[in-house]
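The file coords-v4.cif comes next; it holds mmCIF, C-alpha atoms.
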data_data
#
loop_
_atom_site.label_atom_id
_atom_site.label_comp_id
_atom_site.auth_asym_id
_atom_site.auth_seq_id
_atom_site.Cartn_x
_atom_site.Cartn_y
_atom_site.Cartn_z
CA MET A 1 -3.08 -4.34 -8.39
CA ALA A 2 -0.90 -5.75 -11.11
CA PHE A 3 0.09 -4.36 -14.47
CA GLN A 4 -2.35 -5.00 -17.26
CA GLN A 5 -0.65 -7.69 -19.29
CA VAL A 6 -0.52 -8.10 -23.05
CA SER A 7 -1.87 -11.52 -23.97
CA SER A 8 0.40 -13.67 -26.07
CA PRO A 9 -0.83 -14.87 -29.49
CA ARG A 10 -1.17 -18.35 -28.04
CA GLN A 11 -3.62 -17.06 -25.43
CA GLN A 12 -5.68 -14.98 -27.83
CA ALA A 13 -8.76 -16.33 -29.49
CA PRO A 14 -8.95 -15.92 -33.30
CA GLY A 15 -10.37 -12.64 -34.50
CA ARG A 16 -9.09 -10.56 -31.56
CA THR A 17 -6.87 -8.14 -33.47
CA LYS A 18 -8.65 -5.00 -32.26
CA ALA A 19 -8.56 -6.12 -28.63
CA ARG A 20 -4.88 -6.99 -28.98
CA THR A 21 -4.13 -3.54 -30.42
CA GLN A 22 -5.94 -1.91 -27.52
CA ASP A 23 -4.09 -4.12 -25.02
CA ASN A 24 -0.79 -3.09 -26.61
CA ARG A 25 -1.71 0.57 -26.38
CA ILE A 26 -2.58 0.23 -22.67
CA HIS A 27 0.64 -1.64 -22.02
CA ASN A 28 2.74 0.91 -23.91
CA ARG A 29 1.05 3.83 -22.18
CA SER A 30 1.75 2.26 -18.78
CA LEU A 31 5.34 1.57 -19.79
CA VAL A 32 5.95 5.22 -20.69
CA LEU A 33 4.32 6.49 -17.50
CA ALA A 34 6.21 4.04 -15.27
CA THR A 35 9.51 4.90 -16.95
CA LEU A 36 9.01 8.63 -16.41
CA TYR A 37 7.69 8.14 -12.89
CA HIS A 38 10.64 6.06 -11.70
CA GLN A 39 13.48 7.43 -13.82
CA GLY A 40 12.58 11.10 -14.03
CA PRO A 41 12.31 13.52 -16.98
CA MET A 42 13.51 12.28 -20.36
CA THR A 43 13.62 13.44 -23.94
CA ARG A 44 11.52 11.55 -26.45
CA SER A 45 14.62 9.87 -27.87
CA GLU A 46 15.67 8.77 -24.38
CA LEU A 47 12.18 7.41 -23.78
CA THR A 48 12.43 5.50 -27.06
CA ARG A 49 15.67 3.84 -25.96
CA ALA A 50 14.51 3.15 -22.40
CA SER A 51 11.16 1.66 -23.43
CA GLY A 52 12.18 -0.21 -26.56
CA LEU A 53 9.23 1.34 -28.40
CA THR A 54 9.51 3.08 -31.76
CA ALA A 55 9.95 6.84 -32.08
CA PRO A 56 6.53 7.35 -33.75
CA THR A 57 4.87 5.31 -30.97
CA ILE A 58 6.55 7.40 -28.28
CA SER A 59 5.57 10.63 -30.03
CA ALA A 60 1.93 9.56 -30.25
CA LEU A 61 1.82 8.32 -26.64
CA VAL A 62 3.41 11.48 -25.26
CA GLY A 63 0.88 13.55 -27.20
CA ASP A 64 -2.02 11.55 -25.76
CA LEU A 65 -0.63 11.76 -22.23
CA GLU A 66 -0.16 15.52 -22.55
CA THR A 67 -3.78 15.84 -23.64
CA ASP A 68 -4.82 13.80 -20.58
CA GLY A 69 -2.83 16.12 -18.32
CA LEU A 70 -0.55 13.34 -17.07
CA VAL A 71 2.74 14.50 -18.58
CA THR A 72 4.11 17.90 -19.54
CA GLU A 73 6.96 19.13 -21.65
CA THR A 74 9.67 21.26 -20.04
CA GLY A 75 12.78 22.93 -21.34
CA PRO A 76 15.97 21.11 -22.37
CA ARG A 77 18.31 19.48 -19.86
CA GLU A 78 20.86 21.88 -18.43
CA GLY A 79 24.44 21.68 -19.65
CA PRO A 80 26.26 21.96 -22.97
CA ARG A 81 24.96 19.92 -25.89
CA LEU A 82 25.78 19.71 -29.59
CA GLY A 83 23.00 20.73 -31.93
CA LYS A 84 19.52 21.81 -31.01
CA PRO A 85 18.67 20.56 -27.48
CA ALA A 86 15.54 18.43 -27.11
CA ASN A 87 12.87 19.25 -24.57
CA LEU A 88 12.28 16.97 -21.60
CA VAL A 89 9.01 15.19 -20.83
CA ARG A 90 8.04 14.60 -17.21
CA ILE A 91 5.11 13.40 -15.14
CA ASP A 92 2.86 16.35 -14.29
CA ASP A 93 2.66 15.48 -10.61
CA ASP A 94 0.34 18.27 -9.50
CA ASN A 95 -2.16 18.37 -12.36
CA THR A 96 -4.07 15.33 -11.09
CA ASN A 97 -5.13 14.32 -7.59
CA LEU A 98 -5.60 11.06 -5.72
CA VAL A 99 -8.20 10.67 -2.96
CA VAL A 100 -7.23 8.15 -0.29
CA LEU A 101 -9.07 6.88 2.80
CA ASP A 102 -7.73 5.09 5.88
CA LEU A 103 -10.52 3.23 7.68
CA SER A 104 -8.25 1.37 10.09
CA HIS A 105 -8.56 3.53 13.22
CA SER A 106 -10.92 2.47 15.98
CA ASP A 107 -12.20 5.99 16.68
CA ARG A 108 -12.15 7.81 13.33
CA PHE A 109 -11.82 7.55 9.56
CA THR A 110 -9.05 9.66 8.06
CA GLY A 111 -8.26 10.64 4.49
CA ALA A 112 -6.24 12.88 2.24
CA VAL A 113 -5.97 14.40 -1.19
CA LEU A 114 -2.51 13.67 -2.64
CA ASN A 115 -0.63 14.51 -5.79
CA LEU A 116 0.81 11.76 -7.99
CA ARG A 117 3.96 11.56 -5.83
CA GLY A 118 1.97 10.93 -2.68
CA GLU A 119 2.54 14.47 -1.43
CA LEU A 120 -0.16 15.97 0.75
CA VAL A 121 -2.63 18.45 -0.73
CA ARG A 122 -5.50 18.33 1.80
CA ARG A 123 -6.56 16.27 4.84
CA SER A 124 -9.93 15.42 6.36
CA GLU A 125 -11.37 13.05 8.95
CA VAL A 126 -14.67 12.07 10.52
CA ALA A 127 -15.29 10.71 14.01
CA LEU A 128 -16.40 7.07 14.03
CA GLY A 129 -17.77 6.77 17.54
CA ASP A 130 -19.59 3.46 17.92
CA ALA A 131 -20.93 3.39 14.35
CA LEU A 132 -21.27 -0.02 12.72
CA GLY A 133 -22.69 -1.41 9.50
CA ASP A 134 -24.66 1.08 7.43
CA ASP A 135 -23.85 3.90 9.86
CA ALA A 136 -20.14 3.32 9.43
CA LEU A 137 -20.59 3.15 5.67
CA ARG A 138 -22.34 6.52 5.68
CA LEU A 139 -19.37 8.00 7.52
CA ALA A 140 -16.96 6.56 4.95
CA PHE A 141 -19.12 8.14 2.22
CA ARG A 142 -19.09 11.46 4.07
CA LEU A 143 -15.29 11.40 4.27
CA ALA A 144 -14.97 10.56 0.56
CA ASP A 145 -17.46 13.33 -0.30
CA ASN A 146 -15.44 15.85 1.73
CA LEU A 147 -12.17 14.86 0.06
CA MET A 148 -13.63 14.98 -3.44
CA ARG A 149 -14.79 18.53 -2.73
CA LEU A 150 -11.37 19.48 -1.35
CA ALA A 151 -9.47 18.18 -4.36
CA PRO A 152 -8.29 21.18 -6.42
CA ARG A 153 -7.61 19.08 -9.55
CA ARG A 154 -9.22 16.24 -11.47
CA VAL A 155 -9.33 13.12 -9.29
CA LEU A 156 -7.72 10.13 -10.95
CA GLY A 157 -9.22 7.62 -8.52
CA ILE A 158 -10.02 6.72 -4.93
CA GLY A 159 -7.88 4.33 -2.87
CA VAL A 160 -9.12 2.85 0.41
CA GLY A 161 -7.38 0.89 3.14
CA THR A 162 -9.69 -1.00 5.49
CA PRO A 163 -9.31 -3.66 8.15
CA GLY A 164 -10.64 -7.08 7.30
CA ILE A 165 -10.50 -9.44 4.36
CA VAL A 166 -10.81 -7.71 0.99
CA ASP A 167 -10.96 -9.60 -2.30
CA GLY A 168 -9.44 -8.60 -5.62
CA THR A 169 -12.57 -6.74 -6.76
CA GLY A 170 -12.73 -4.40 -3.77
CA ILE A 171 -15.42 -6.33 -1.91
CA ILE A 172 -14.89 -6.35 1.85
CA ARG A 173 -15.69 -9.94 2.65
CA GLN A 174 -15.46 -9.37 6.38
CA ALA A 175 -14.52 -6.43 8.60
CA ALA A 176 -15.84 -7.53 11.96
CA HIS A 177 -15.23 -4.44 14.06
CA LEU A 178 -17.03 -2.28 11.45
CA GLY A 179 -19.90 -4.73 11.03
CA TRP A 180 -19.27 -5.15 7.29
CA LEU A 181 -19.84 -8.38 5.43
CA ASP A 182 -19.61 -8.76 1.64
CA LEU A 183 -19.63 -4.99 1.21
CA PRO A 184 -18.80 -3.93 -2.41
CA LEU A 185 -17.14 -0.72 -1.27
CA ALA A 186 -15.08 -0.12 -4.42
CA GLU A 187 -18.17 -0.35 -6.63
CA LEU A 188 -20.23 1.88 -4.33
CA LEU A 189 -17.59 4.62 -4.21
CA SER A 190 -16.99 4.43 -7.94
CA ARG A 191 -20.69 4.86 -8.68
CA ARG A 192 -21.06 7.66 -6.17
CA HIS A 193 -18.21 9.75 -7.53
CA ALA A 194 -17.90 8.57 -11.14
CA VAL A 195 -14.19 7.74 -10.75
CA PRO A 196 -12.46 4.37 -10.35
CA ALA A 197 -12.14 3.18 -6.74
CA TYR A 198 -9.82 0.55 -5.28
CA VAL A 199 -10.03 -1.07 -1.86
CA GLY A 200 -7.41 -3.15 -0.06
CA ASN A 201 -6.59 -4.53 3.35
CA ASP A 202 -4.99 -1.84 5.50
CA ILE A 203 -1.81 -3.72 6.43
CA ASN A 204 -1.30 -4.89 2.85
CA LEU A 205 -1.44 -1.25 1.80
CA ALA A 206 1.06 -0.33 4.51
CA ALA A 207 3.43 -2.90 2.99
CA LEU A 208 2.99 -1.35 -0.46
CA ALA A 209 3.67 2.09 1.00
CA VAL A 210 6.92 0.94 2.60
CA LEU A 211 8.00 -0.60 -0.70
CA ARG A 212 7.19 2.47 -2.80
CA PHE A 213 7.28 5.52 -0.53
CA ARG A 214 9.72 4.71 2.26
CA GLU A 215 13.44 4.18 1.78
CA THR A 216 14.08 0.47 1.27
CA GLU A 217 16.04 -1.67 -1.12
CA ALA A 218 14.19 -4.81 -0.03
CA ARG A 219 12.15 -6.78 -2.54
CA ASN A 220 11.05 -9.33 0.08
CA LEU A 221 9.60 -7.61 3.13
CA MET A 222 6.89 -7.82 5.74
CA VAL A 223 5.11 -5.07 7.66
CA VAL A 224 3.75 -6.06 11.07
CA SER A 225 1.24 -3.78 12.78
CA ILE A 226 0.33 -4.07 16.46
CA GLU A 227 -1.97 -1.02 16.50
CA HIS A 228 -5.34 -2.81 16.48
CA GLY A 229 -4.68 -6.50 16.95
CA VAL A 230 -1.77 -7.97 15.02
CA GLY A 231 -1.61 -8.18 11.25
CA ALA A 232 1.05 -8.44 8.58
CA GLY A 233 1.44 -7.40 4.97
CA LEU A 234 3.79 -9.45 2.77
CA VAL A 235 5.72 -8.43 -0.32
CA VAL A 236 7.71 -11.10 -2.16
CA GLY A 237 9.74 -10.30 -5.25
CA GLY A 238 8.32 -6.79 -5.21
CA GLN A 239 4.73 -8.07 -5.44
CA LEU A 240 2.04 -8.06 -2.78
CA VAL A 241 1.08 -11.53 -1.52
CA GLU A 242 -2.60 -11.75 -0.63
CA GLY A 243 -3.22 -15.51 -0.51
CA GLU A 244 -5.91 -17.69 -2.03
CA GLN A 245 -8.54 -16.42 0.42
CA PHE A 246 -7.06 -12.89 0.51
CA ALA A 247 -6.04 -13.56 4.12
CA ALA A 248 -2.24 -13.79 3.90
CA GLY A 249 -0.53 -12.15 6.87
CA GLU A 250 -3.04 -13.18 9.52
CA ILE A 251 -0.34 -13.96 12.09
CA GLY A 252 -2.15 -12.63 15.16
CA HIS A 253 -3.57 -16.02 16.06
CA VAL A 254 -0.40 -18.06 15.74
CA THR A 255 0.22 -19.77 19.09
CA VAL A 256 3.35 -18.59 20.89
CA ASP A 257 2.53 -19.84 24.42
CA ASP A 258 0.72 -23.16 24.81
CA GLY A 259 -0.09 -22.33 28.43
CA GLY A 260 -1.13 -18.75 27.78
CA ASP A 261 -4.45 -17.03 28.30
CA GLU A 262 -7.47 -17.90 26.21
CA CYS A 263 -7.91 -15.75 23.13
CA VAL A 264 -11.16 -14.56 21.54
CA CYS A 265 -10.49 -17.06 18.74
CA GLY A 266 -10.80 -19.94 21.23
CA ARG A 267 -7.11 -20.87 21.27
CA ARG A 268 -4.56 -20.13 23.97
CA GLY A 269 -1.42 -18.05 23.90
CA CYS A 270 -1.93 -16.28 20.56
CA LEU A 271 0.56 -13.69 19.33
CA ASP A 272 -2.22 -11.09 19.51
CA LEU A 273 -2.36 -11.50 23.30
CA ALA A 274 1.40 -11.13 23.52
CA ILE A 275 2.08 -8.04 21.42
CA SER A 276 -1.06 -6.17 20.33
CA ALA A 277 -1.07 -2.65 21.69
CA THR A 278 -4.17 -3.04 23.82
CA HIS A 279 -3.07 -6.24 25.58
CA LEU A 280 0.56 -5.17 25.88
CA GLN A 281 -0.26 -1.76 27.35
CA ARG A 282 -2.60 -3.39 29.85
CA ARG A 283 0.22 -5.67 31.06
CA LEU A 284 2.65 -2.77 31.30
CA ASP A 285 0.20 -0.76 33.38
CA ALA A 286 -0.07 -3.67 35.83
CA VAL A 287 3.65 -3.98 36.62
CA PRO A 288 6.14 -1.62 38.32
CA GLU A 289 8.01 0.71 35.98
CA HIS A 290 11.32 -1.07 36.47
CA ASP A 291 9.77 -4.33 35.21
CA ARG A 292 8.40 -2.83 31.99
CA PRO A 293 11.55 -3.26 29.85
CA ALA A 294 11.49 -7.00 30.64
CA ALA A 295 7.79 -7.20 29.71
CA LEU A 296 8.47 -5.44 26.41
CA ALA A 297 11.42 -7.73 25.72
CA ALA A 298 9.19 -10.78 26.35
CA ALA A 299 6.69 -9.44 23.83
CA GLY A 300 9.53 -8.92 21.35
CA ARG A 301 10.69 -12.49 21.88
CA ALA A 302 7.18 -13.78 21.09
CA LEU A 303 7.19 -11.79 17.87
CA GLY A 304 10.70 -13.00 16.98
CA ILE A 305 9.58 -16.62 17.39
CA VAL A 306 6.88 -16.04 14.76
CA LEU A 307 9.15 -14.03 12.46
CA ALA A 308 11.88 -16.68 12.31
CA PRO A 309 10.07 -19.38 10.28
CA ILE A 310 8.44 -16.79 8.02
CA SER A 311 11.81 -15.17 7.38
CA SER A 312 13.36 -18.56 6.67
CA ALA A 313 10.59 -19.69 4.32
CA LEU A 314 10.54 -16.45 2.31
CA ASN A 315 14.13 -15.23 2.85
CA LEU A 316 12.83 -11.83 3.94
CA ASP A 317 15.22 -8.90 3.68
CA GLU A 318 13.28 -6.60 5.96
CA VAL A 319 10.58 -6.61 8.63
CA VAL A 320 8.98 -3.27 9.50
CA LEU A 321 7.03 -2.79 12.73
CA THR A 322 4.26 -0.20 13.00
CA GLY A 323 2.15 0.91 15.94
CA PRO A 324 2.72 3.02 19.06
CA ALA A 325 6.34 4.14 19.28
CA GLY A 326 6.34 3.83 23.07
CA LEU A 327 5.73 0.09 22.75
CA ILE A 328 7.76 -0.78 19.66
CA ASP A 329 10.93 1.28 19.95
CA GLY A 330 13.46 -0.06 22.43
CA PRO A 331 13.31 -3.46 24.18
CA LEU A 332 10.54 -4.95 22.00
CA LEU A 333 12.31 -4.15 18.72
CA GLU A 334 15.69 -5.25 20.04
CA SER A 335 14.35 -8.53 21.42
CA ALA A 336 12.34 -9.34 18.27
CA THR A 337 15.45 -8.76 16.13
CA ALA A 338 17.74 -10.85 18.33
CA THR A 339 15.22 -13.70 18.61
CA ALA A 340 14.49 -13.88 14.88
CA ARG A 341 18.18 -13.84 14.02
CA SER A 342 19.07 -16.44 16.63
CA ARG A 343 16.54 -18.88 15.17
CA THR A 344 17.53 -18.63 11.50
CA LEU A 345 20.54 -19.71 9.47
CA THR A 346 23.35 -17.21 9.06
CA PRO A 347 22.70 -16.37 5.37
CA ILE A 348 19.15 -15.39 6.33
CA SER A 349 19.79 -13.79 9.72
CA SER A 350 22.73 -11.71 8.51
CA ALA A 351 20.60 -10.11 5.78
CA LEU A 352 17.43 -9.66 7.86
CA GLN A 353 16.74 -6.12 9.06
CA VAL A 354 13.99 -5.47 11.60
CA ARG A 355 13.17 -1.78 11.87
CA SER A 356 10.51 0.51 13.23
CA LEU A 357 8.20 2.91 11.45
CA ALA A 358 6.23 3.38 14.65
CA GLY A 359 4.08 6.47 14.57
CA ASP A 360 4.08 6.74 10.77
CA ALA A 361 0.44 7.69 10.30
CA ASP A 362 0.52 8.01 6.52
CA LEU A 363 1.40 4.47 5.42
CA ILE A 364 -2.12 3.22 4.73
CA GLN A 365 -3.08 6.35 2.81
CA LEU A 366 0.08 6.07 0.72
CA GLY A 367 -0.78 2.42 0.10
CA GLY A 368 -4.15 3.60 -1.22
CA ALA A 369 -2.24 5.86 -3.60
CA CYS A 370 -0.30 2.79 -4.78
CA LEU A 371 -3.59 1.08 -5.69
CA VAL A 372 -4.77 4.00 -7.79
CA LEU A 373 -1.41 4.57 -9.50
CA SER A 374 -1.20 0.90 -10.41
CA GLY A 375 -4.81 0.47 -11.44
CA GLN A 376 -5.12 3.67 -13.47
CA LEU A 377 -1.62 4.33 -14.78
CA GLY A 378 0.19 0.99 -14.56
CA ILE A 379 2.77 2.59 -12.26
CA TRP A 380 3.94 -0.09 -9.90
#

Whole structure given in structure tokens:
Amino acid sequence: MAFQQVSSPRQQAPGRTKARTQDNRIHNRSLVLATLYHQGPMTRSELTRASGLTAPTISALVGDLETDGLVTETGPREGPRLGKPANLVRIDDDNTNLVVLDLSHSDRFTGAVLNLRGELVRRSEVALGDALGDDALRLAFRLADNLMRLAPRRVLGIGVGTPGIVDGTGIIRQAAHLGWLDLPLAELLSRRHAVPAYVGNDINLAALAVLRFRETEARNLMVVSIEHGVGAGLVVGGQLVEGEQFAAGEIGHVTVDDGGDECVCGRRGCLDLAISATHLQRRLDAVPEHDRPAALAAAGRALGIVLAPISSALNLDEVVLTGPAGLIDGPLLESATATARSRTLTPISSALQVRSLAGDADLIQLGGACLVLSGQLGIW
């Protein structure tokens, strides 16, 4: 999920000139694409200045990217100019498609065909039922097959968000509720459709989507989902944090009540029992309506207790909550914010924003788009 880096001479083995030239070309190509993607249409001379590359290099790269259908030349910028106006070059957003899958729902797999800006082209879904293991995999294949057929343009790649622990090669090490263990999903999809495929943890992808596709100025942020259990995706310094075992963000089994109920993990009083949608809704259904705001506020306080040390350790700018709006918006969000701020030093608490994107159903699919854009184009 990171940019392809150019190795320094010190890191290169002798006799690697050709490889180094190819690495430079990949780096320069990514640099041009990222510049156009984030800064908008530019003339070739503007691209030369913005990238630091030479004019001949820019000319050659733009020509290659036009041939690949990734950029297109438009007319000159509007407004008076001296001399002959130069044409602008821009990303050709609609000439290439991304296929993205969200495997996080308990009852269905959903997916979409997007353009390069993450804008919707087509949608599809398949019912999951009680499928596990190979049966669930066949349904994921069926969804990917449907989306590939629906794509009106060349597909640049496939991005997948799935629950569970996913390593850096797209192997799902464990996704318990789908019955998957050491499943090389990225490789299987890539072989099946002859395009690159990328797979990541669903909440990690939601964090990437907030960073890239939802309005935020934060470079240090965390997304917490309560939809199916409790999980978190962490971004620090604008980069996703996955952890040594690819399990960063597993906050659902942090103890928040030593005398609480026993959890499936064997401990007592886990955060999952306090705030996950299933457990929280069950508690709300068991109390009179006038007591529900207090129950939601108690859940928010439990979350705030967990957020405070994480916010202090990482100096988070923003925490985003996702899940059912009826649970998150209101007392839970307010209590989580107040608790986290009350337990952190003023420089941290004054900058920390806790907000809701409850009901935003597109985050994981947009995170899948982030994987493909980064892996294929170096756009990060």

Report, in Å with one decimal, the straight-line distance from CA of Leu205 in chain A to CA of Thr162 in chain A.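 Straight-line distance from CA of Leu205 in chain A to CA of Thr162 in chain A works out to 9.0 Å.
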
With the PyMOL selection byres ((chain A and resi 345) around 12) as the selection, what would be picked from this file? Answer as an MDAnalysis selection string, please. chainID A and resid 308:309 311:313 315 340:344 346:352

Counting only C-alpha atoms, figure out which residue out of A:Asp285, A:Asp257, A:Glu78, A:Asp134 gets nearest to Gly269 in chain A. A:Asp257

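Candidate residues A:Leu88, A:Ala112, A:Ile379, A:Ile364 were compared for distance to Gly161 in chain A, and the nearest is A:Ile364, using only C-alpha atoms.
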
Residues in the PyMOL selection byres ((chain A and resi 115) around 7), expressed as a list in words: Asp93, Asp94, Thr96, Asn97, Leu98, Leu114, Leu116, Arg117, Gly118, Glu119, Leu120 and Val121 of chain A

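Using only C-alpha atoms, the residues found no farther than 10 Å from Thr74 in chain A, other than those of its own chain fewer than 4 positions away, are Pro41, Met42, Thr43, Ala86, Asn87, Leu88, Val89 and Arg90 of chain A.
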
Next, dump the selected residues to file, keeping only C-alpha atoms, as a compact mmCIF listing (two decimals), in the frame of the given file.
# COMPACT_ATOMS: atom_id res chain seq x y z
CA PRO A 41 12.31 13.52 -16.98
CA MET A 42 13.51 12.28 -20.36
CA THR A 43 13.62 13.44 -23.94
CA ALA A 86 15.54 18.43 -27.11
CA ASN A 87 12.87 19.25 -24.57
CA LEU A 88 12.28 16.97 -21.60
CA VAL A 89 9.01 15.19 -20.83
CA ARG A 90 8.04 14.60 -17.21

Between A:Asp145, A:Asp167, A:Glu215, A:Asp107, which residue has the minimum interatomic distance to Ala131 in chain A, considering only C-alpha atoms?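 Of the candidates, the smallest distance to Ala131 in chain A is held by A:Asp107.
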
Selection result for the PyMOL selection byres ((chain A and resi 375) around 12) on this file, as a list of chain:residue names: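 On the file shown, the PyMOL selection byres ((chain A and resi 375) around 12) covers A:Met1, A:Ala2, A:Phe3, A:Gln4, A:Ile26, A:Ser30, A:Leu156, A:Gly157, A:Ile158, A:Gly159, A:Gly168, A:Thr169, A:Val195, A:Pro196, A:Ala197, A:Tyr198, A:Val199, A:Gly368, A:Ala369, A:Cys370, A:Leu371, A:Val372, A:Leu373, A:Ser374, A:Gln376, A:Leu377, A:Gly378, A:Ile379, A:Trp380.
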